[in-house]
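J.: I'd like to ask some things about the structure below.
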Number of protein chains: 2
Amino acid sequence: MEGICGLSDPVAPGITPGSAPGHLALFGYNPFSFAIGRGVLEAVGIDFDLQPEDVAVRGNFCTVDTNGVVVDRRAGRISTEKCIELCQIIDGMVLGNTRVIVRPVKEHRFMIVFRGGDLSPEISESDPQQTGVMPRDIAALSPEASASAAIVNRFVDRAKALLAEYLPANMILMRGFSKRPHLPNFSEIYQIKPAAIASYPMYHGLARLIGMEILETGESIEDEFATLKNSYHNYDFFFLHVKGTDAAGEDGDFGRKVSIIEQFDYALPMLLNMQPDVIVVTADHSTPATLGAHSWHPVPVLIHSKWCRTDSVTKFSESACIQGGLGRLSATQIMPLAMANALKLNKYGA
Amino acid sequence: MEGICGLSDPVAPGITPGSAPGHLALFGYNPFSFAIGRGVLEAVGIDFDLQPEDVAVRGNFCTVDTNGVVVDRRAGRISTEKCIELCQIIDGMVLGNTRVIVRPVKEHRFMIVFRGGDLSPEISESDPQQTGVMPRDIAALSPEASASAAIVNRFVDRAKALLAEYLPANMILMRGFSKRPHLPNFSEIYQIKPAAIASYPMYHGLARLIGMEILETGESIEDEFATLKNSYHNYDFFFLHVKGTDAAGEDGDFGRKVSIIEQFDYALPMLLNMQPDVIVVTADHSTPATLGAHSWHPVPVLIHSKWCRTDSVTKFSESACIQGGLGRLSATQIMPLAMANALKLNKYGA
């Protein structure tokens with residue numbers, strides 16, 4: 001084989017990563033230093049173009065009784081269609097200098113963005129995390145945030161009035177007020193021109209947060225490779241994301257996972273024929289079909305380049321890759337290795 | 001085999017180390033915490049005995065036209081013999097309380113040390129890094145450094161006058177004013193009495209910076225082992241440096257690299273016969289002959305001692321050592337392991 005293999009810990013041994021820290025680590029950002037708030041992640045997850053001053057928060061439609069006490073925090077998991085309809089009802093309010101943008105996510109979940117008015121995310125959550133109590137009033141957690149708390153409370157009051165007739169989704173709960181984190185620009189860090197190719201919006205959103213350009217593509221792996229081929233000479237770094245293996249793992253469907261890996265293998269010559277200086281194949285986390293969820297297990301990593309110092313690994317599996325020339329490494333080390341293999345890094349010290 | 005092997009990252013995965021950070025890491029110093037300035041490194045490289053208050057800087061002889069504009073930053077790469085001659089002309093000035101020491105390095109490059117007068121290295125560089133402009137005046141970068149800038153400017157004026165007739169080397173440029181870094185003393189850290197054996201001056205200089213004694217030796221590996229044998233009972237730690245493999249790698253000469261390793265293997269029984277408690281064999285960086293330069297690749301490491309817990313590795317190569325009992329480790333972990341294998345470290349905690 002022509003590459004060098006290893007086993008990568010996406011975040012740390014024993015830690016199961018969400019997609020955000022898993023990807024940040026792959027891009028070389030310490031996932032403990034750069035936390036992405038729940039609200040921001042919800043916005044990222046629907047590829048919403050979050051502005052630096054926006055305050056984002058995750059919303060749940062919930063059910064309250066006539067006394068205003070929460071009886072179901074998820075409003076019976078209403079359908080996504082219902083969620084879309086209800087979001088339109090509470091979207092677009094203007095409160096002072098602040099505009100409120102509401103977008104559906106899935107079932108009872110949605111995203112709220114407060115734009116304008118110099119708002120702070122330093123405010124408390126309204127979700128009481130239990131039934132039998134009232135939603136909490138939003139309170140300022142720092143002196144500068146009192147105006148923000150007042151605006152958000154006004155939004156909640158109006159939303160409650162507008163939703164009164166839509167039982168079981170007659171109220172909202174909010175968690176995770178957050179602003180877009182100050183992530184160093186990927187292109188500036190590495191002095192390259194990067195593009196992202198991914199069929200799922202979440203990965204667009206993550207790539208956009210670090211300043212990658214997003215290329216439109218189709219649903220299949222072959223579509224993604226074709227997009228790469230068409231833009232090959234316009235960029236010098238591509239992040240290409242294959243979603244299917246993770247989704248199949250989440251569904252516990254081992255056979256489908258195998259089939260998606262086979263589709264990837266079938267399409268791979270399209271990439272190899274372009275003869276890039278460096279190819280890295282790896283994952284942002286493990287999703288074992290037996291577990292049916294993200295897991296903490298380290299993931300295989302393969303680096304292919306003229307300078308990679310080939311090892312004797314002949315299979316791209318966890319058990320084979322731990323025998324590889326890279327040994328066990330942290331995911332944050334992959335980008336420096338990729339850049340080194342592209343001969344893009346200078347010597348450190350004389 | 002009787003040792004335990006692994007693969008060591010000299011600085012960090014993907015990072016190609018210069019000799020200074022590579023060696024600092026081997027000696028257990030974090031190479032990011034202890035940076036060595038360009039001027040100091042130039043002094044170290046010629047094994048100049050730099051004092052703590054000296055300000056050192058790298059000098060270039062350059063060519064200026066009649067208007068004083070730089071037309072060649074390297075004075076046509078004059079010969080080292082010419083450099084020696086010119087350094088003698090500008091060496092030895094006394095400016096107030098400061099004495100200026102000038103020593104040749106190679107071709108157009110030389111070292112300048114400003115000794116005495118309580119000088120600061122917080123001053124700007126004169127090298128404009130381009131032709132077509134005048135050399136820059138030295139300016140103070142902190143209020144305390146104004147006297148230093150004045151002294152250095154006086155030196156430049158006098159040097160220019162002295163060199164006027166030596167076209168093409170009729171002017172000097174300076175980069176990297178720096179003082180000897182405050183490196184903790186190796187002997188105090190490890191409570192051992194160390195000596196350095198190296199045929200190249202750069203490695204003397206590095207060893208001296210951390211307080212090692214330097215032993216005179218010859219050019220060959222056998223000379224170095226003989227020096228070790230003669231001083232064996234006067235020290236309890238030896239740093240023995242073999243230069244030839246690196247030089248052959250830089251020259252892209254794979255055959256010569258092999259031959260030097262064979263010379264080392266031939267001489268090795270001299271060392272083994274002394275039966276030291278611990279032997280470590282490793283490198284400060286990789287220099288693949290195919291690349292013809294230092295590289296980021298991790299390097300093999302072997303620890304030999306009664307207590308090392310022998311592994312099954314039978315070859316001292318990169319691909320064999322990653323299978324070894326040490327796995328992949330950081331170079332800064334080697335000294336603690338060596339000390340532990342010498343039973344020189346106490347238990348941590350009760």
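Simple scheme: letters A, B, ... for chains in structure tokens order, numbers from 1 for residues in each chain, numbers from 1 for ligands in the order shown.
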Just need the residues of chain A within 8 Å of chain B, counting only C-alpha atoms, so spit them out as a list in words.

T.: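 Close enough to count are Asp311, Gln323, Gly324, Gly325, Leu326, Gly327, Arg328, Gln333, Pro336, Leu337, Ala338, Met339, Ala340, Asn341, Leu345, Asn346, Lys347, Tyr348, Gly349 and Ala350 of chain A.
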
J.: Next, the residues of the selection above should be written as a short mmCIF file (atom, residue, chain, number, x, y, z; two decimals), in the first residue's frame with C-alpha atoms.

T.:
data_model
loop_
_atom_site.label_atom_id
_atom_site.label_comp_id
_atom_site.auth_asym_id
_atom_site.auth_seq_id
_atom_site.Cartn_x
_atom_site.Cartn_y
_atom_site.Cartn_z
CA ASP A 311 4.07 1.32 6.39
CA GLN A 323 -0.15 -1.38 13.74
CA GLY A 324 0.61 1.43 11.30
CA GLY A 325 3.49 3.84 11.09
CA LEU A 326 1.58 6.74 12.64
CA GLY A 327 0.79 4.82 15.80
CA ARG A 328 -1.91 6.40 17.94
CA GLN A 333 -2.14 16.39 14.80
CA PRO A 336 0.06 19.52 10.75
CA LEU A 337 0.99 16.12 9.30
CA ALA A 338 -1.01 16.80 6.14
CA MET A 339 0.64 20.20 5.75
CA ALA A 340 4.09 18.71 6.37
CA ASN A 341 3.47 16.04 3.74
CA LEU A 345 5.64 24.01 6.63
CA ASN A 346 8.92 25.74 7.45
CA LYS A 347 11.52 24.37 9.81
CA TYR A 348 11.06 25.30 13.47
CA GLY A 349 14.23 26.82 14.87
CA ALA A 350 17.52 26.94 13.05
#

J.: Return as a ChimeraX atom specification the full set of residues in region 104-209 of chain B whose backbone-based DSSP assignment is helix (DSSP H, G or I).

T.: /B:143-163,186-190,201-209

J.: Determine, counting only C-alpha atoms, which protein, DNA and RNA residues have an atom within 6 Å of an atom of region 105-111 of chain B; residues of the same chain fewer than 6 positions away are not included. Present the result as a PyMOL selection string.

T.: chain B and resi 58-61+74+77-80

J.: Mind giving me the straight-line distance from CA of Ile303 (chain B) to CA of Val278 (chain B) in Å, one decimal?

T.: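 Between these atoms lies a distance of 7.0 Å.
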
J.: Once chain B sits on chain A after a least-squares Cα superposition, all atoms in order, what's the RMSD?

T.: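 In short, the RMSD is 0.3 Å.
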
J.: Which one is closest to Glu224 (chain B): B:Phe264, B:Tyr29, B:Tyr190, B:Asp236? Count only C-alpha atoms.

T.: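 That would be B:Phe264, the residue with the smallest distance to Glu224 (chain B).
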
J.: Extract, using only C-alpha atoms, all DNA, RNA and protein residues at most 12 Å from region 133-139 of chain B, discarding same-chain residues fewer than 3 positions from it, and format them as JSON, numbers by chain.

T.: {"B": [60, 61, 62, 63, 64, 65, 66, 67, 68, 69, 70, 71, 72, 73, 120, 121, 122, 123, 124, 125, 126, 127, 128, 129, 130, 142, 143, 144, 145, 146, 147, 148, 149, 150, 151, 152, 153, 154, 155, 156, 157, 160, 171, 172, 173, 174, 175, 176, 177]}

J.: Could you please write out, as number ranges by chain, every residue of region 5-74 of chain A that DSSP assigns to strand (DSSP E or B)?

T.: A: 5-9, 55-64, 70-72
